[in-house]
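S.K.: Provided below: data37.txt, containing compact mmCIF, C-alpha atoms.
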# COMPACT_ATOMS: atom_id res chain seq x y z
CA MET A 1 99.29 93.94 92.43
CA LEU A 2 97.50 91.03 90.82
CA SER A 3 94.74 90.49 88.26
CA MET A 4 92.04 87.89 88.76
CA ASN A 5 90.88 88.33 85.16
CA GLN A 6 94.08 88.43 83.10
CA LYS A 7 94.89 84.99 81.71
CA MET A 8 98.48 83.80 81.61
CA GLU A 9 99.79 80.53 80.20
CA ASN A 10 102.15 78.52 82.40
CA LYS A 11 104.63 76.49 80.39
CA LEU A 12 106.47 73.57 81.92
CA GLU A 13 109.80 72.81 80.27
CA ALA A 14 110.31 69.08 79.93
CA GLY A 15 112.17 67.69 82.92
CA CYS A 16 112.92 71.05 84.47
CA CYS A 17 109.87 72.41 86.28
CA VAL A 18 110.43 75.91 84.90
CA VAL A 19 107.34 78.10 84.94
CA GLU A 20 107.30 80.91 82.39
CA CYS A 21 104.74 83.63 81.74
CA GLU A 22 103.51 84.04 78.21
CA ARG A 23 104.10 87.81 78.46
CA PRO A 24 106.29 89.95 80.72
CA LEU A 25 104.66 91.34 83.86
CA ASP A 26 106.34 94.69 83.29
CA ALA A 27 105.40 98.36 83.66
CA GLN A 28 103.37 98.32 80.45
CA TYR A 29 101.44 95.24 81.51
CA TRP A 30 100.40 96.71 84.88
CA ASP A 31 99.72 100.14 83.43
CA ASN A 32 97.37 98.55 80.91
CA GLN A 33 95.47 96.86 83.77
CA TRP A 34 94.83 100.24 85.39
CA LYS A 35 93.96 101.95 82.11
CA SER A 36 91.43 99.23 81.26
CA ASN A 37 90.16 99.04 84.86
CA THR A 38 91.07 95.36 84.97
CA THR A 39 91.82 95.48 88.67
CA GLY A 40 90.17 92.44 90.21
CA TRP A 41 92.64 92.53 93.12
CA ASP A 42 91.37 95.93 94.32
CA LEU A 43 89.30 95.46 97.49
CA GLY A 44 88.12 99.07 97.63
CA MET A 45 89.33 99.26 101.25
CA PRO A 46 92.34 98.30 103.35
CA ALA A 47 92.59 94.56 103.97
CA PRO A 48 91.24 93.83 107.48
CA PRO A 49 94.32 91.85 108.61
CA LEU A 50 96.49 94.83 107.68
CA VAL A 51 94.18 97.17 109.58
CA SER A 52 94.75 94.99 112.64
CA PHE A 53 98.51 95.09 112.08
CA ILE A 54 98.53 98.88 111.70
CA ASP A 55 96.47 99.22 114.87
CA SER A 56 99.18 97.28 116.71
CA ALA A 57 102.07 99.46 115.48
CA GLU A 58 103.14 101.99 118.11
CA ASN A 59 105.85 104.12 116.48
CA LYS A 60 103.95 106.74 114.47
CA ASN A 61 107.23 108.08 113.04
CA ALA A 62 108.35 104.72 111.67
CA LYS A 63 109.48 104.84 108.05
CA ILE A 64 106.93 102.71 106.19
CA LEU A 65 107.04 101.35 102.63
CA ILE A 66 104.15 99.84 100.65
CA PRO A 67 105.46 98.28 97.40
CA GLY A 68 103.11 97.60 94.50
CA CYS A 69 100.72 99.84 96.40
CA GLY A 70 97.91 100.11 93.84
CA SER A 71 95.09 102.25 95.26
CA ALA A 72 96.95 102.47 98.58
CA TYR A 73 93.96 102.14 100.91
CA GLU A 74 96.39 101.10 103.65
CA ALA A 75 98.16 104.46 103.27
CA GLU A 76 94.90 106.30 103.89
CA TYR A 77 94.38 104.25 107.03
CA LEU A 78 97.94 104.91 108.19
CA ILE A 79 97.35 108.66 107.88
CA SER A 80 94.11 108.38 109.84
CA LYS A 81 96.05 106.66 112.64
CA GLY A 82 98.69 109.38 112.79
CA PHE A 83 101.63 107.84 110.91
CA THR A 84 103.95 110.45 109.47
CA ASN A 85 106.42 108.83 107.06
CA ILE A 86 104.94 106.64 104.31
CA THR A 87 106.42 105.80 100.91
CA LEU A 88 104.32 104.24 98.14
CA ILE A 89 105.87 102.53 95.14
CA ASP A 90 104.10 101.33 92.03
CA ILE A 91 105.46 100.53 88.59
CA SER A 92 102.30 101.83 86.85
CA GLU A 93 102.54 105.46 85.78
CA THR A 94 98.75 105.66 85.58
CA VAL A 95 98.13 104.69 89.20
CA SER A 96 101.16 106.66 90.44
CA CYS A 97 99.81 109.86 88.89
CA LYS A 98 96.44 109.23 90.52
CA LEU A 99 98.10 108.73 93.90
CA LYS A 100 100.21 111.86 93.60
CA GLU A 101 97.03 113.84 93.00
CA LYS A 102 95.11 111.99 95.70
CA PHE A 103 97.76 112.65 98.35
CA SER A 104 98.92 116.05 97.11
CA LYS A 105 97.88 117.64 100.41
CA ASN A 106 99.38 114.92 102.58
CA PRO A 107 103.08 115.60 103.27
CA GLN A 108 103.23 112.28 105.14
CA ILE A 109 103.02 110.47 101.80
CA LYS A 110 105.74 110.10 99.16
CA VAL A 111 104.73 108.46 95.88
CA VAL A 112 107.42 106.81 93.73
CA CYS A 113 106.78 105.48 90.23
CA ASP A 114 109.53 102.94 89.68
CA ASP A 115 110.54 99.29 89.58
CA PHE A 116 110.62 98.20 93.22
CA PHE A 117 113.85 96.29 92.68
CA HIS A 118 115.64 99.52 91.70
CA HIS A 119 114.56 101.34 94.84
CA GLN A 120 117.24 102.46 97.31
CA ALA A 121 116.27 103.52 100.84
CA LYS A 122 115.86 102.16 104.37
CA TYR A 123 112.61 101.46 106.21
CA ASP A 124 111.40 100.32 109.60
CA ILE A 125 108.26 98.60 108.28
CA ILE A 126 107.36 97.19 104.87
CA ILE A 127 103.74 96.22 104.29
CA GLU A 128 103.04 93.38 101.85
CA GLN A 129 99.65 93.44 100.15
CA THR A 130 99.18 91.66 96.78
CA PHE A 131 102.73 92.49 95.62
CA PHE A 132 104.52 89.18 96.25
CA CYS A 133 101.76 87.22 94.51
CA ALA A 134 101.94 89.49 91.45
CA LEU A 135 105.59 88.67 90.82
CA PRO A 136 106.52 85.66 88.69
CA PRO A 137 107.65 82.87 91.06
CA THR A 138 111.11 83.06 89.47
CA MET A 139 111.59 86.38 91.31
CA ARG A 140 110.87 85.19 94.85
CA GLN A 141 114.50 84.82 95.88
CA ARG A 142 115.12 88.35 94.59
CA TYR A 143 112.15 89.56 96.66
CA VAL A 144 113.62 88.16 99.89
CA TRP A 145 117.03 89.67 99.13
CA LYS A 146 115.58 93.10 98.34
CA MET A 147 113.27 93.18 101.37
CA HIS A 148 116.15 92.32 103.69
CA ASN A 149 118.27 95.01 102.03
CA LEU A 150 115.61 97.73 102.38
CA LEU A 151 114.87 97.16 106.06
CA ASN A 152 116.68 98.79 108.95
CA GLU A 153 118.07 96.61 111.73
CA ASN A 154 115.18 94.73 113.39
CA GLY A 155 112.88 96.08 110.68
CA ILE A 156 109.50 94.42 110.12
CA LEU A 157 108.08 92.87 106.94
CA ALA A 158 104.39 92.13 107.46
CA GLY A 159 101.36 91.40 105.35
CA LEU A 160 99.43 88.74 103.48
CA LEU A 161 100.44 85.79 101.31
CA PHE A 162 98.12 83.41 99.48
CA ASN A 163 97.98 79.91 100.92
CA ARG A 164 96.58 78.31 97.79
CA SER A 165 97.30 77.77 94.09
CA PHE A 166 95.58 79.36 91.08
CA ASP A 167 94.57 77.90 87.72
CA VAL A 168 95.10 81.30 86.07
CA SER A 169 97.92 83.63 87.04
CA PRO A 170 98.67 86.23 88.20
CA PRO A 171 98.08 85.96 91.16
CA PHE A 172 100.69 83.31 91.85
CA GLY A 173 100.04 81.28 94.96
CA GLY A 174 102.07 79.16 97.33
CA SER A 175 102.06 77.45 100.70
CA LYS A 176 103.17 78.11 104.26
CA GLU A 177 105.86 75.44 103.96
CA GLU A 178 107.23 77.03 100.80
CA TYR A 179 107.33 80.50 102.36
CA GLU A 180 109.04 79.27 105.51
CA LYS A 181 111.80 77.67 103.43
CA LEU A 182 112.14 80.78 101.28
CA PHE A 183 112.42 83.33 104.11
CA SER A 184 114.33 81.12 106.56
CA GLY A 185 117.50 82.66 107.91
CA ALA A 186 116.90 86.05 106.35
CA PHE A 187 114.02 86.77 108.75
CA ASP A 188 112.91 85.71 112.20
CA PHE A 189 109.32 84.49 112.12
CA VAL A 190 107.30 86.48 114.65
CA ASN A 191 104.06 85.11 113.23
CA ILE A 192 102.80 83.20 110.20
CA GLY A 193 99.37 81.60 110.12
CA THR A 194 95.93 81.68 108.54
CA ALA A 195 94.45 85.18 108.66
CA THR A 196 91.33 85.15 110.84
CA ASN A 197 89.67 88.29 109.46
CA SER A 198 90.18 88.17 105.69
CA VAL A 199 87.49 89.52 103.37
CA GLU A 200 84.98 86.82 102.48
CA PRO A 201 86.29 85.99 98.95
CA ARG A 202 89.74 85.31 100.45
CA ALA A 203 88.65 83.64 103.69
CA ASN A 204 90.90 80.74 104.75
CA THR A 205 93.19 81.29 101.75
CA GLU A 206 95.45 84.00 103.20
CA LEU A 207 98.36 83.78 105.60
CA PHE A 208 99.10 86.79 107.77
CA PHE A 209 102.80 87.02 108.51
CA LYS A 210 105.06 89.25 110.55
CA PHE A 211 108.79 88.76 110.03
CA LYS A 212 111.67 90.60 111.68
CA LYS A 213 114.88 91.19 109.77
CA ALA A 214 117.51 88.76 111.03
CA ASN A 215 121.09 89.77 111.73
CA THR A 216 122.43 87.70 108.85
CA LEU A 217 124.06 88.27 105.48
CA VAL A 218 121.65 87.82 102.60
CA ASN A 219 123.22 87.64 99.15
CA LEU A 220 121.77 87.03 95.70
CA TYR A 221 123.74 85.55 92.83
CA SER A 222 123.15 84.94 89.15
CA PHE A 223 123.65 81.33 88.09
CA GLN A 224 124.16 79.63 84.73
CA GLY A 225 124.34 76.04 83.59
CA ILE A 226 121.64 74.19 85.53
CA THR A 227 119.01 72.45 83.41
CA CYS A 228 117.09 70.22 85.84
CA ASN A 229 115.91 69.91 89.41
CA GLY A 230 118.42 67.17 90.14
CA CYS A 231 121.31 69.50 89.34
CA LYS A 232 119.64 72.26 91.33
CA ASN A 233 119.38 70.00 94.37
CA SER A 234 123.04 68.98 94.07
CA VAL A 235 124.27 72.57 93.99
CA THR A 236 121.95 73.53 96.83
CA GLU A 237 123.32 70.67 98.94
CA ILE A 238 126.92 71.65 98.23
CA TYR A 239 126.37 75.26 99.26
CA SER A 240 124.34 74.28 102.31
CA LYS A 241 127.36 72.42 103.68
CA ILE A 242 129.61 75.50 103.64
CA GLU A 243 130.36 76.62 107.18
CA GLY A 244 128.18 79.55 108.23
CA VAL A 245 125.47 79.03 105.59
CA LYS A 246 121.92 79.05 107.02
CA ASN A 247 119.77 78.84 103.89
CA VAL A 248 120.22 78.21 100.16
CA ASN A 249 117.27 78.75 97.86
CA MET A 250 117.40 78.69 94.06
CA SER A 251 114.81 80.20 91.74
CA SER A 252 112.49 77.92 89.80
CA ASP A 253 114.17 78.87 86.50
CA PHE A 254 117.62 78.11 88.03
CA LYS A 255 118.95 81.58 87.15
CA GLU A 256 119.22 83.09 90.65
CA ILE A 257 120.33 81.68 93.98
CA LEU A 258 119.79 83.17 97.44
CA ILE A 259 122.39 82.39 100.09
CA VAL A 260 121.90 83.39 103.73
CA SER A 261 124.86 83.10 106.07
CA ASP A 262 126.27 84.15 109.41
CA VAL A 263 129.62 85.04 107.83
CA GLU A 264 130.75 86.42 104.50
CA ILE A 265 131.18 83.67 101.88
CA SER A 266 133.61 84.66 99.15
CA ILE A 267 132.62 84.23 95.53
CA ASP A 268 135.78 82.14 95.08
CA VAL A 269 134.51 79.60 97.60
CA LEU A 270 131.17 79.42 95.78
CA ARG A 271 132.91 78.95 92.43
CA GLU A 272 135.16 76.25 93.85
CA GLY A 273 132.12 74.33 95.04
CA ILE A 274 130.75 73.99 91.50
CA ALA A 275 134.07 73.62 89.65
CA TYR A 276 133.23 69.95 88.95
CA ASP A 277 130.91 71.07 86.11
CA LYS A 278 132.42 73.38 83.48
CA ASP A 279 128.96 74.67 82.50
CA TYR A 280 128.19 76.06 85.95
CA GLN A 281 128.85 79.76 86.53
CA ILE A 282 127.99 81.95 89.49
CA LYS A 283 128.45 85.70 89.86
CA ASN A 284 127.18 88.53 92.05
CA TYR A 285 123.69 89.64 91.09
CA GLU A 286 123.48 93.01 89.34
CA SER A 287 120.12 94.75 89.59
Could you spell out this file's structure in structure tokens?
M.R.:
Amino acid sequence: MLSMNQKMENKLEAGCCVVECERPLDAQYWDNQWKSNTTGWDLGMPAPPLVSFIDSAENKNAKILIPGCGSAYEAEYLISKGFTNITLIDISETVSCKLKEKFSKNPQIKVVCDDFFHHQAKYDIIIEQTFFCALPPTMRQRYVWKMHNLLNENGILAGLLFNRSFDVSPPFGGSKEEYEKLFSGAFDFVNIGTATNSVEPRANTELFFKFKKANTLVNLYSFQGITCNGCKNSVTEIYSKIEGVKNVNMSSDFKEILIVSDVEISIDVLREGIAYDKDYQIKNYES
């Protein structure tokens, strides 16, 4: 979900490039948007590029997840096309209650009111629509890790990402180059390019992507001690040189690091790599 109207202040810490939101984008925040009808992201229909994607999907029994589903217009379209196993997740109790009532006669639909990052299940397809851009950029490494974890072997993550920046956030934007670096190794890129059939207000600003879960190990770690981009780059370079590592990507607040590898990398090896600085600490991420 995202709000075109809700103003957020981005603060840049001196020398560190750390973007912080002036208030938490938590369950209360999003619930308040629905209660006040401040839902500028709501198209009132399924996004045309996602309609095209759904039309191309052949397995009607595929387990499908739509995180941050909002009004869930895509779910209605999925039902109309004969799909039988759809899970909707939203952190807002207000919108979740509306969806449970709306789909009360549709056994194909399961509605879950919860934090997406606490969800435990396996899916064949995950549809991304205005969820990634609603998350603070500091959570993007966690997003990749969780998506990889939730997908079955060869599972598909597909949807839309903004290919632009915003003066007021959320939504939080980005670029194709940034996304390719972020998802590299964890997913095989079936397609990523400018959406050709976006709604007019978003024309030429959306990327449609279709990624397939790669047969790699994707691990997320908590990190302490880094205070600048120079230090971040040094640690990233050290970990990138470990045999078997395919991608290392650290969050913009330096608190989480995503490591994608072909083989299991022990936490002892990761700790040894940063032992030169007593302030650096790495540990397994706990959700």
S.K.: Could you list, as a list in words, every residue within 8 Å of stretch 273-280 of chain A, counting all atoms listed in the file and ignoring same-chain residues fewer than 2 positions away?
M.R.: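 The contact residues come out as Phe223, Gln224, Gly225, Ile226, Val235, Ile238, Tyr239, Val269, Leu270, Arg271 and Ile282 of chain A.
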S.K.: Restricted to C-alpha atoms, what would the selected residues look like written as a CSV table (one decimal), in the coordinates of the input?
M.R.:
chain,number,residue,atom,x,y,z
A,223,PHE,CA,123.6,81.3,88.1
A,224,GLN,CA,124.2,79.6,84.7
A,225,GLY,CA,124.3,76.0,83.6
A,226,ILE,CA,121.6,74.2,85.5
A,235,VAL,CA,124.3,72.6,94.0
A,238,ILE,CA,126.9,71.6,98.2
A,239,TYR,CA,126.4,75.3,99.3
A,269,VAL,CA,134.5,79.6,97.6
A,270,LEU,CA,131.2,79.4,95.8
A,271,ARG,CA,132.9,79.0,92.4
A,282,ILE,CA,128.0,82.0,89.5
S.K.: Under the rule that all atoms listed in the file are counted, which of A:Ser165, A:Thr84, A:Asn191, A:Ser266 is the nearest residue to A:Asn61?
M.R.: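 Counting all atoms listed in the file, the residue closest to A:Asn61 is A:Thr84.
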S.K.: Distance table requested - stretch 198-239 of chain A against stretch 133-155 of chain A, cut-off 10 Å, all atoms listed in the file: one row per qualifying residue with the closest atom pair and its distance in Å to one decimal, ordered by chain and rising residue number, as a Markdown table.
M.R.:
| residue | atom | partner | partner_atom | distance |
| --- | --- | --- | --- | --- |
| A:Phe211 | CA | A:Gly155 | CA | 8.4 |
| A:Lys212 | CA | A:Asn154 | CA | 5.7 |
| A:Lys213 | CA | A:Asn154 | CA | 5.1 |
| A:Ala214 | CA | A:Asn154 | CA | 6.8 |
| A:Asn215 | CA | A:Glu153 | CA | 7.5 |
| A:Thr216 | CA | A:His148 | CA | 9.3 |
| A:Leu217 | CA | A:His148 | CA | 9.1 |
| A:Val218 | CA | A:Trp145 | CA | 6.1 |
| A:Asn219 | CA | A:Trp145 | CA | 6.5 |
| A:Leu220 | CA | A:Trp145 | CA | 6.4 |
| A:Tyr221 | CA | A:Arg142 | CA | 9.2 |
S.K.: Work out how far atom CA of A:Asp253 is from atom CA of A:Asp114, in Å to one decimal.
M.R.: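 Interatomic distance here is 24.7 Å.
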S.K.: What is the distance between atom CA of A:Glu237 and atom CA of A:Met250, in Å to one decimal?
M.R.: 11.1 Å
S.K.: With distances taken over all atoms listed in the file, which residue among A:Lys122, A:Lys181, A:Lys176, A:Lys110 lies nearest A:Leu160?
M.R.: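 That would be A:Lys176, the residue with the smallest distance to A:Leu160.
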S.K.: For A:Ala158, which residue out of A:Glu243, A:Glu128, A:Asp90, A:Glu178 is the nearest one, using only C-alpha atoms?
M.R.: A:Glu128
S.K.: Report the closest atom pair, with its distance in Å rounded to one decimal, for each residue of stretch 73-192 of chain A that has an atom no farther than 7 Å from stretch 29-49 of chain A; count all atoms listed in the file, sort by chain and then rising residue number, and write it as a Markdown table.
M.R.:
| residue | atom | partner | partner_atom | distance |
| --- | --- | --- | --- | --- |
| A:Tyr73 | CA | A:Pro46 | CA | 4.8 |
| A:Glu74 | CA | A:Pro46 | CA | 4.9 |
| A:Ser92 | CA | A:Asp31 | CA | 4.6 |
| A:Glu93 | CA | A:Asp31 | CA | 6.5 |
| A:Thr94 | CA | A:Asp31 | CA | 6.0 |
| A:Val95 | CA | A:Trp34 | CA | 6.7 |
S.K.: May I ask which of the residues A:Leu182, A:Ile64, A:Val248, A:Ala27 is the closest one to A:Phe116, counting only C-alpha atoms?
M.R.: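 Once distances to A:Phe116 are computed over only C-alpha atoms, the minimum belongs to A:Ala27.
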S.K.: Calculated over all atoms listed in the file, which of the candidates A:Ile86, A:Leu50, A:Ile79, A:Ile156 has the smallest distance to A:Pro67?
M.R.: A:Ile86
S.K.: Rank A:Thr87, A:Asn229, A:Ser222, A:Asn106 by their smallest atom-to-atom distance to A:His119, using all atoms listed in the file, and report the top residue only.
M.R.: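 Residue with the minimum atom-to-atom distance to A:His119: A:Thr87.
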S.K.: Hey, can you check how far atom CA of A:Phe83 sits from atom CA of A:Pro107?
M.R.: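 Between atom CA of A:Phe83 and atom CA of A:Pro107 the gap works out to 11.0 Å.
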S.K.: As JSON, what would the box around stretch 216-231 of chain A look like: edges along x, y and z, 3 Å added on every side, centre and edge lengths in Å to one decimal?
M.R.:
{"center_x": 120.1, "center_y": 77.7, "center_z": 96.1, "size_x": 14.4, "size_y": 27.1, "size_z": 31.4}
S.K.: Once you count only C-alpha atoms, which residues end up no further than 12 Å from (91.6, 109.3, 103.3) in the file's frame, shown as a list in words?
M.R.: Met45, Pro46, Ser71, Ala72, Tyr73, Glu74, Ala75, Glu76, Tyr77, Leu78, Ile79, Ser80, Lys81, Gly82, Leu99, Lys102, Phe103, Ser104, Lys105, Asn106 and Ile109 of chain A
S.K.: I want to know what sits within 9 Å of A:Phe209, based on all atoms listed in the file, with residues of the same chain fewer than 2 positions away left out; could you give that as a list in words?
M.R.: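 Contacts, in chain order: Leu157, Ala158, Gly159, Leu160, Leu161, Phe189, Val190, Asn191, Ile192, Gly193, Thr194, Ala195, Leu207 and Phe211 of chain A.
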